[in-house]
Structures are given as structure tokens and as C-alpha cells.
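> I'd like to ask some things about the structure below.
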Amino acid sequence: MRPLPASQVEDWFWNIDTGKYYEGPQLPGPTSHPASQPTPGPRDKVPADWPEQLH
């Protein structure tokens, strides 16, 4: 079996061998990002009004 985490904020996994969902362990959230990585995205690539564009 090769389980893959669906996301770091959800607790379900997808088993690619059986093609079915299954309950998995609670994954810890991220604690940091590389210091050289700007947030919320690449420098000069994110519009100034990005928070207003979120749905």
C-alpha cells in the first residue's frame, strides 16, 4: 500500500492501490518557510490587492 496525504489540513488519505479514501493520522501543520522565500508569493508577482481577490 502506498498512501499519499491529501493535504496537511485534512485527515483523509487516498490509497492509490485500492482507489479508495481512508482515515489517516492528523498531520502537523507547517511551522515555517525558507527565510529566502517571500510571502505570500514570489516578490513582484503577487498583486498588491491579493487579500481582496481571495474567494
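Residues in the C-alpha cells are named by chain (A, B, ... in the order shown) and by number from 1 within that chain; ligands are numbered from 1 in the order shown.
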Can you pull out every residue from chain A that DSSP, working from the backbone, puts in strand (DSSP E or B), and format the result as a ChimeraX atom specification?
/A:3-5,12-15,20-23
> Would you put the residues from that selection into a file with C-alpha atoms, as a compact mmCIF listing (two decimals), in the first residue's frame?

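Result written to selection_38.txt:
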# COMPACT_ATOMS: atom_id res chain seq x y z
CA PRO A 3 -0.80 6.04 1.00
CA LEU A 4 -0.50 9.66 -0.03
CA PRO A 5 -1.60 12.55 2.19
CA TRP A 12 -8.08 11.72 4.89
CA PHE A 13 -5.72 9.90 2.59
CA TRP A 14 -6.01 8.32 -0.84
CA ASN A 15 -4.82 4.80 -1.39
CA LYS A 20 -10.31 4.47 -2.08
CA TYR A 21 -10.15 7.08 0.66
CA TYR A 22 -9.18 6.10 4.17
CA GLU A 23 -8.75 7.79 7.53
> I need the residues in chain A that are helix (DSSP H, G or I) according to DSSP; give them as a PyMOL selection string.
chain A and resi 50-53
> Would you output that residue set with C-alpha atoms, as an mmCIF file, in the first residue's frame?

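Ended up saving to out-v1.cif:
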data_model
loop_
_atom_site.group_PDB
_atom_site.id
_atom_site.type_symbol
_atom_site.label_atom_id
_atom_site.label_comp_id
_atom_site.auth_asym_id
_atom_site.auth_seq_id
_atom_site.Cartn_x
_atom_site.Cartn_y
_atom_site.Cartn_z
ATOM 1 C CA TRP A 50 -4.244 39.895 -3.213
ATOM 2 C CA PRO A 51 -6.297 39.650 0.039
ATOM 3 C CA GLU A 52 -9.313 41.188 -1.697
ATOM 4 C CA GLN A 53 -9.032 38.676 -4.529
#
